[in-house]
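Since the structure comes first, as structure tokens, the remarks are kept for the end.
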Protein chains: 2
Amino acid sequence: MEITTPSLVVDLDILDRNIERMASAARVGGFALRPHAKTHKCAQIAARQLAAGAVGLTVATIGEAEVFADAGAEALFIAYPLWLDEGKQQRLAKLASGGTVQVGIDSAEGARQIVGTGASVVIEIDSGHHRTGVRPADAGALALEARALGLAVDGVFTFPGHGAAHDAQLDAIAVRERAAQDQEQALAEAAESLRAAGFTPTVISGGSTPTAGLRREGVISELRPGVYVFNDALQVALGSCRLEDVALHAAATVVSVPAADRFVLDAGSKVLGADANPWAPGFGLVPAYPGSTVVQISEHHAVVQLPAGSTAPQHGDQVAIIPNHVCNAVNLANEFVIVQGGEQVDTWAVAARGANS
Amino acid sequence: MEITTPSLVVDLDILDRNIERMASAARVGGFALRPHAKTHKCAQIAARQLAAGAVGLTVATIGEAEVFADAGAEALFIAYPLWLDEGKQQRLAKLASGGTVQVGIDSAEGARQIVGTGASVVIEIDSGHHRTGVRPADAGALALEARALGLAVDGVFTFPGHGAAHDAQLDAIAVRERAAQDQEQALAEAAESLRAAGFTPTVISGGSTPTAGLRREGVISELRPGVYVFNDALQVALGSCRLEDVALHAAATVVSVPAADRFVLDAGSKVLGADANPWAPGFGLVPAYPGSTVVQISEHHAVVQLPAGSTAPQHGDQVAIIPNHVCNAVNLANEFVIVQGGEQVDTWAVAARGANS
């Protein structure tokens, strides 16, 4: 199978297996699954997640919500502390008039933004990633402020992004487990804070692909993993998935072989993204060349260094390269090439590509 | 001026000043200017560069060449060792039938790709960046192979990308000067190799924004800088430009103020790119907050850490953030918001966005 390169290729069987595995984990584990659609930005993949039992979708922007609402999704959680100009306020109100829309808040100022749009709110908690979110103990106070503004408060959510961060003292599984425990503890404390303020939270929502497969204590009602549909080089390095669970790669062509132990592919940072992998060297993973490292990435070049004794590919050979961070790679592409059993069977649009606002 | 965020904003006066400054340096320095259009991907900006005296445009892909040919550019250099499937071969031939098209080669295999397309070739030299390119002394041999295939060989080119790489032993200006010297020496040697093989090179072409302003010895006939139209946080750190020469920023909104010394903007790696800056910490530059660092970037969040004693902005404030690497930021946007004197005067399409093949 020859594909015009560079292209993002999705293996349909692996994709479906990843979707079913997470759906099954949700059924067995007794949590609702609300996958984050920012990873794939694709109506066909969202439909498969919903058909497998997802209760709705998570998105990051109003623009993403619009794409998936147009594709038929009826329950959307914009897990982001939106700030609304007039245009965005109208767009959010239109979305909320057509289905169930929840929006994240982490301040009273942010809560005021949502008033009059018809969306309900979910309070964001900082469980250790130190990005956005209030302290767990402050959830009840913010919920009271939101209620005083007339907003419906559905519960609390957090993103344990520190479960992928490098820690020189710990291995990857220990970092993931610590983040999962932080998440559980923060959500438990935040839910208790809500209850103490007179609320009955229906949403107690956590992330993420690196933590989704780890043991939980029953606090969490919902998980929002995103990357699991495709996986990527970071997830492989974290041990969140096996190499054979990676459903997406960039098909690339060898355009230069400047040395016996080095070759250059035509997929660079405008295809793969420029993300570093905090757990592994280089800018992507080249499974056909074990021990290789993508030592340098430019906009249209990936320079692959081979270990001693390897044989470099020939000019014109097609080589698969797995992005470090698949969400950013997807956002660079207009479409996926869908393959099954080694044959191209379809192309799917990355419908929400660039929907950043 | 309120702009829907996140958006990429271009200051027209600074843009025009940057274009004129480089054009003037070319006139005074006696070199042809062939700006790399991968930076801006924008027909309106290409037109301004050509009007200021550029002899043509440099591009990285056939897709970019098509966009600028459609916009009226008649002389295009695809500075990339293309590998052509059947579709790409036809597209290249069509381009070459409509204007002057040059293509980079760094191997006999790559040269064979260009046969029959009507494009001429320019031999790529590795001047120290160790990406693509042959050794300077091998230029003549490859030129003879290309000529034996029936190709017209116009000359040699290199990209001194190591002029932006970090070196713990040197400061930025010394790194830039070393790369400029490497470039000059490699091109001189390569041109001599061509002459010894019986060629008369008309193109002796170098990069780049970090090296363009440095002293040259008269070897180089043409320069291909790209970033200079906008500049970015890397160029500021390298000393290739001043902060007031940066023509592009992302307009972003403060969506969260989780601590007195930290705030969060709605422009993340899906707006700015995920590029690190080898010469400065963080994922972008926030000029309104001197001493601040963008300590964390997610797809839709930039977390800005303030120095002690600063006052954080308010929720909803608009704050400008300068990308580390503007080329990748531009490739994420569908359009530029064009401002002049603080007022929005236009929007320009990023016409070649995503034109990776």
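Naming scheme: A, B, ... for chains in displayed order of the structure tokens; residues 1 onward per chain; ligands 1 onward as shown.
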| field | Which of stretch 101-345 of chain A fall in alpha helix (DSSP H), as a ChimeraX atom specification | value | /A:108-114,139-148,172-196,209-212,233-238,269-272,326-330
Would you give me, as JSON lines, each residue of chain A having an atom within 8 Å of an atom of chain B, along with its shortest atom pair and that distance in Å to one decimal, using only C-alpha atoms and sorting by chain and residue number?
{"residue": "A:Thr4", "atom": "CA", "partner": "B:Asp85", "partner_atom": "CA", "distance": 7.0}
{"residue": "A:Thr5", "atom": "CA", "partner": "B:Ser357", "partner_atom": "CA", "distance": 6.5}
{"residue": "A:Pro6", "atom": "CA", "partner": "B:Ser357", "partner_atom": "CA", "distance": 6.4}
{"residue": "A:Ala60", "atom": "CA", "partner": "B:His300", "partner_atom": "CA", "distance": 7.4}
{"residue": "A:Pro81", "atom": "CA", "partner": "B:Val255", "partner_atom": "CA", "distance": 6.0}
{"residue": "A:Leu82", "atom": "CA", "partner": "B:Val255", "partner_atom": "CA", "distance": 6.5}
{"residue": "A:Trp83", "atom": "CA", "partner": "B:Val255", "partner_atom": "CA", "distance": 5.9}
{"residue": "A:Asp85", "atom": "CA", "partner": "B:Thr4", "partner_atom": "CA", "distance": 7.0}
{"residue": "A:Asp106", "atom": "CA", "partner": "B:Ser256", "partner_atom": "CA", "distance": 7.0}
{"residue": "A:Ser107", "atom": "CA", "partner": "B:Ser256", "partner_atom": "CA", "distance": 7.3}
{"residue": "A:Glu109", "atom": "CA", "partner": "B:His315", "partner_atom": "CA", "distance": 6.8}
{"residue": "A:Gly110", "atom": "CA", "partner": "B:Val255", "partner_atom": "CA", "distance": 7.4}
{"residue": "A:Arg131", "atom": "CA", "partner": "B:Val303", "partner_atom": "CA", "distance": 6.4}
{"residue": "A:Thr132", "atom": "CA", "partner": "B:Pro258", "partner_atom": "CA", "distance": 6.2}
{"residue": "A:Gly133", "atom": "CA", "partner": "B:Pro258", "partner_atom": "CA", "distance": 6.8}
{"residue": "A:Val134", "atom": "CA", "partner": "B:Pro258", "partner_atom": "CA", "distance": 6.9}
{"residue": "A:Thr253", "atom": "CA", "partner": "B:Trp83", "partner_atom": "CA", "distance": 7.4}
{"residue": "A:Val254", "atom": "CA", "partner": "B:Trp83", "partner_atom": "CA", "distance": 8.0}
{"residue": "A:Val255", "atom": "CA", "partner": "B:Trp83", "partner_atom": "CA", "distance": 5.9}
{"residue": "A:Ser256", "atom": "CA", "partner": "B:Thr132", "partner_atom": "CA", "distance": 6.3}
{"residue": "A:Val257", "atom": "CA", "partner": "B:Thr132", "partner_atom": "CA", "distance": 7.8}
{"residue": "A:Pro258", "atom": "CA", "partner": "B:Thr132", "partner_atom": "CA", "distance": 6.2}
{"residue": "A:Val264", "atom": "CA", "partner": "B:Thr132", "partner_atom": "CA", "distance": 7.3}
{"residue": "A:Ser269", "atom": "CA", "partner": "B:Asn328", "partner_atom": "CA", "distance": 7.4}
{"residue": "A:Lys270", "atom": "CA", "partner": "B:Asn328", "partner_atom": "CA", "distance": 6.5}
{"residue": "A:Val271", "atom": "CA", "partner": "B:Asn356", "partner_atom": "CA", "distance": 7.5}
{"residue": "A:Gly273", "atom": "CA", "partner": "B:Ala274", "partner_atom": "CA", "distance": 6.9}
{"residue": "A:Ala274", "atom": "CA", "partner": "B:Ala274", "partner_atom": "CA", "distance": 5.2}
{"residue": "A:Asp275", "atom": "CA", "partner": "B:Ala274", "partner_atom": "CA", "distance": 5.3}
{"residue": "A:Gln296", "atom": "CA", "partner": "B:Arg131", "partner_atom": "CA", "distance": 7.8}
{"residue": "A:Glu299", "atom": "CA", "partner": "B:Asn328", "partner_atom": "CA", "distance": 7.3}
{"residue": "A:His300", "atom": "CA", "partner": "B:Ala60", "partner_atom": "CA", "distance": 7.4}
{"residue": "A:His301", "atom": "CA", "partner": "B:Arg131", "partner_atom": "CA", "distance": 7.9}
{"residue": "A:Val303", "atom": "CA", "partner": "B:Arg131", "partner_atom": "CA", "distance": 6.4}
{"residue": "A:His315", "atom": "CA", "partner": "B:Glu109", "partner_atom": "CA", "distance": 6.8}
{"residue": "A:Gly316", "atom": "CA", "partner": "B:Trp83", "partner_atom": "CA", "distance": 6.3}
{"residue": "A:Asn328", "atom": "CA", "partner": "B:Lys270", "partner_atom": "CA", "distance": 6.5}
{"residue": "A:Asn331", "atom": "CA", "partner": "B:Lys270", "partner_atom": "CA", "distance": 7.2}
{"residue": "A:Leu332", "atom": "CA", "partner": "B:Gly354", "partner_atom": "CA", "distance": 6.5}
{"residue": "A:Ala333", "atom": "CA", "partner": "B:Gly354", "partner_atom": "CA", "distance": 6.8}
{"residue": "A:Asn334", "atom": "CA", "partner": "B:Gly354", "partner_atom": "CA", "distance": 7.6}
{"residue": "A:Gly354", "atom": "CA", "partner": "B:Leu332", "partner_atom": "CA", "distance": 6.5}
{"residue": "A:Asn356", "atom": "CA", "partner": "B:Pro6", "partner_atom": "CA", "distance": 6.9}
{"residue": "A:Ser357", "atom": "CA", "partner": "B:Pro6", "partner_atom": "CA", "distance": 6.4}
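Distances from B:Ala26, B:Glu192, B:Ala180, B:Ala46 to B:Pro210 were compared using only C-alpha atoms, and the smallest one belongs to B:Ala180.
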| said: Need the shell around A:Ala179: protein/DNA/RNA residues with any atom at most 7 Å away, counting only C-alpha atoms. Skip same-chain ones fewer than 5 positions apart. Format as a list in words? | reply: Pro160, His162 and Gly163 of chain A
| field | Residues near A:Leu151, cut-off 9 Å, only C-alpha atoms, skip fewer than 4 positions along chain, as an MDAnalysis selection string | value | chainID A and resid 111:112 114:116 118:121 143 145:147
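If only C-alpha atoms are the atoms counted, then among A:Leu243, A:Pro281, A:Phe31, A:Asp70 the closest residue to A:Ala54 is A:Phe31.
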I'd like the neighbourhood of B:Ile14 as an mmCIF file with C-alpha atoms, in the first residue's frame, where a residue qualifies if any of its atoms comes within 12 Å (using only C-alpha atoms), though same-chain residues fewer than 4 positions away should be ignored.
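Just written: out.cif:
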data_model
loop_
_atom_site.group_PDB
_atom_site.id
_atom_site.type_symbol
_atom_site.label_atom_id
_atom_site.label_comp_id
_atom_site.auth_asym_id
_atom_site.auth_seq_id
_atom_site.Cartn_x
_atom_site.Cartn_y
_atom_site.Cartn_z
ATOM 1 C CA VAL B 9 -2.347 39.207 14.974
ATOM 2 C CA VAL B 10 0.092 40.812 12.516
ATOM 3 C CA ASN B 18 10.944 43.974 8.387
ATOM 4 C CA ILE B 19 10.370 43.284 4.695
ATOM 5 C CA GLU B 20 11.989 46.563 3.670
ATOM 6 C CA ARG B 21 14.940 46.146 6.032
ATOM 7 C CA TYR B 228 12.379 37.768 9.506
ATOM 8 C CA VAL B 229 8.994 38.937 8.240
ATOM 9 C CA PHE B 230 7.458 38.225 11.659
ATOM 10 C CA ASN B 231 10.344 37.271 13.983
ATOM 11 C CA CYS B 241 15.966 41.071 16.103
ATOM 12 C CA ARG B 242 14.726 43.402 18.802
ATOM 13 C CA LEU B 243 11.474 42.863 20.644
ATOM 14 C CA GLU B 244 9.978 45.811 18.728
ATOM 15 C CA ASP B 245 10.716 43.991 15.451
ATOM 16 C CA VAL B 246 8.293 41.168 16.288
ATOM 17 C CA ALA B 247 5.347 41.628 13.922
ATOM 18 C CA LEU B 248 3.174 38.675 15.013
ATOM 19 C CA HIS B 249 1.674 37.691 18.331
ATOM 20 C CA ILE B 338 -4.020 42.471 10.310
ATOM 21 C CA VAL B 339 -3.719 45.566 12.508
ATOM 22 C CA GLN B 340 -2.283 49.019 11.895
ATOM 23 C CA GLY B 341 -2.088 51.797 14.445
#
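Taking atom CA of A:Ala351 and atom CA of A:Asp13 as endpoints, the distance between them is 21.3 Å.
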| query | Residues at most 10 Å from A:Ala197, counting only C-alpha atoms, excluding those fewer than 2 positions away in the same chain, as an MDAnalysis selection string? | reply | chainID A and resid 139:144 191:195 199:200
| task | May I have all residues of stretch 117-295 of chain B that DSSP, computed from the backbone, assigns to strand (DSSP E or B), given as a ChimeraX atom specification? | result | /B:120-125,134,153-158,203-206,222-223,248-259,262-265,285,293-295
Save out the residues we just selected, N, CA and C atoms, as a compact mmCIF listing (two decimals), in the first residue's frame.
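Below is the file out_9.txt, written as the result:
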# COMPACT_ATOMS: atom_id res chain seq x y z
N SER B 120 14.74 22.47 -12.79
CA SER B 120 16.19 22.37 -12.65
C SER B 120 16.52 22.03 -11.19
N VAL B 121 17.78 21.70 -10.95
CA VAL B 121 18.13 21.28 -9.59
C VAL B 121 19.23 22.16 -9.01
N VAL B 122 19.22 22.22 -7.68
CA VAL B 122 20.24 22.91 -6.90
C VAL B 122 20.73 21.90 -5.86
N ILE B 123 22.02 21.78 -5.75
CA ILE B 123 22.58 20.72 -4.90
C ILE B 123 22.69 21.19 -3.47
N GLU B 124 22.10 20.40 -2.56
CA GLU B 124 22.10 20.78 -1.15
C GLU B 124 23.40 20.34 -0.48
N ILE B 125 23.96 21.26 0.30
CA ILE B 125 25.21 21.05 1.03
C ILE B 125 24.92 21.03 2.52
N VAL B 134 24.81 17.02 0.96
CA VAL B 134 26.07 16.30 0.77
C VAL B 134 27.22 17.13 1.35
N VAL B 153 21.79 21.87 -13.74
CA VAL B 153 22.26 22.11 -12.37
C VAL B 153 22.55 23.59 -12.22
N ASP B 154 21.77 24.25 -11.35
CA ASP B 154 21.91 25.70 -11.22
C ASP B 154 22.97 26.13 -10.22
N GLY B 155 23.25 25.26 -9.23
CA GLY B 155 24.22 25.67 -8.23
C GLY B 155 24.08 24.87 -6.96
N VAL B 156 24.39 25.52 -5.84
CA VAL B 156 24.41 24.86 -4.54
C VAL B 156 23.66 25.71 -3.52
N PHE B 157 23.13 25.02 -2.51
CA PHE B 157 22.48 25.75 -1.41
C PHE B 157 22.70 25.00 -0.10
N THR B 158 22.54 25.75 0.99
CA THR B 158 22.61 25.14 2.32
C THR B 158 21.71 25.90 3.27
N VAL B 203 23.71 29.91 -8.84
CA VAL B 203 23.06 30.00 -7.52
C VAL B 203 24.03 29.48 -6.46
N ILE B 204 24.39 30.36 -5.52
CA ILE B 204 25.17 29.95 -4.34
C ILE B 204 24.40 30.53 -3.16
N SER B 205 23.55 29.68 -2.57
CA SER B 205 22.42 30.17 -1.78
C SER B 205 22.50 29.72 -0.34
N GLY B 206 22.33 30.66 0.58
CA GLY B 206 22.33 30.37 2.01
C GLY B 206 21.04 30.76 2.68
N GLU B 222 22.88 34.50 -3.00
CA GLU B 222 21.43 34.55 -2.69
C GLU B 222 21.23 34.13 -1.25
N LEU B 223 20.27 34.78 -0.56
CA LEU B 223 19.88 34.33 0.78
C LEU B 223 18.39 34.02 0.82
N LEU B 248 4.30 39.60 14.80
CA LEU B 248 3.17 38.68 15.01
C LEU B 248 3.10 38.26 16.47
N HIS B 249 1.90 38.28 17.01
CA HIS B 249 1.67 37.69 18.33
C HIS B 249 0.33 36.98 18.32
N ALA B 250 0.15 36.11 19.28
CA ALA B 250 -1.18 35.54 19.51
C ALA B 250 -1.90 36.44 20.50
N ALA B 251 -3.09 36.89 20.12
CA ALA B 251 -3.96 37.58 21.07
C ALA B 251 -4.65 36.51 21.90
N ALA B 252 -4.52 36.62 23.21
CA ALA B 252 -5.06 35.60 24.11
C ALA B 252 -5.82 36.28 25.24
N THR B 253 -6.70 35.53 25.87
CA THR B 253 -7.50 36.04 26.98
C THR B 253 -7.12 35.32 28.26
N VAL B 254 -7.07 36.07 29.35
CA VAL B 254 -6.86 35.47 30.67
C VAL B 254 -8.13 34.72 31.07
N VAL B 255 -8.02 33.40 31.18
CA VAL B 255 -9.21 32.60 31.53
C VAL B 255 -9.16 32.09 32.96
N SER B 256 -8.00 32.18 33.60
CA SER B 256 -7.89 31.67 34.97
C SER B 256 -6.75 32.39 35.66
N VAL B 257 -6.95 32.70 36.94
CA VAL B 257 -5.90 33.32 37.75
C VAL B 257 -5.80 32.48 39.03
N PRO B 258 -5.17 31.31 38.92
CA PRO B 258 -5.22 30.38 40.05
C PRO B 258 -4.37 30.81 41.24
N ALA B 259 -3.49 31.78 41.07
CA ALA B 259 -2.68 32.27 42.19
C ALA B 259 -2.29 33.71 41.88
N ARG B 262 0.35 33.84 39.08
CA ARG B 262 0.21 32.91 37.96
C ARG B 262 -1.11 33.18 37.26
N PHE B 263 -1.09 33.18 35.94
CA PHE B 263 -2.34 33.28 35.20
C PHE B 263 -2.29 32.39 33.98
N VAL B 264 -3.45 32.14 33.41
CA VAL B 264 -3.58 31.17 32.34
C VAL B 264 -4.26 31.82 31.14
N LEU B 265 -3.62 31.68 29.97
CA LEU B 265 -4.13 32.24 28.72
C LEU B 265 -4.76 31.14 27.86
N LEU B 285 6.74 34.20 24.78
CA LEU B 285 7.21 35.43 25.42
C LEU B 285 5.99 36.33 25.63
N THR B 293 7.47 33.84 32.78
CA THR B 293 7.83 32.63 32.03
C THR B 293 6.56 31.82 31.76
N VAL B 294 6.43 31.37 30.51
CA VAL B 294 5.32 30.46 30.18
C VAL B 294 5.76 29.07 30.61
N VAL B 295 5.48 28.73 31.86
CA VAL B 295 6.08 27.54 32.47
C VAL B 295 5.44 26.25 31.99
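Distance check against A:Ala352 using only C-alpha atoms: of A:Gly213, A:Gly63, A:Pro136, A:Gly56, the minimum falls on A:Gly63.
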| message | Please list as a ChimeraX atom specification every residue within 9 Å of B:Ala65, counting only C-alpha atoms and excluding residues in the same chain fewer than 3 positions away. | response | /B:57-62,68-70,73,76-78,92,95,101,352
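Reported to one decimal place, the separation of atom CA of B:Ala237 from atom CA of B:Ala174 is 12.9 Å.
Proximity to B:Gln44 was assessed for B:Ile220, B:Val350, B:Ile173, B:Val236 counting only C-alpha atoms; the smallest distance is recorded for B:Val350.
For the choices A:Asp11, A:Ser97, A:Leu272, A:Gly284, the atom-to-atom distance to A:Leu234 is smallest for A:Gly284 when using only C-alpha atoms.
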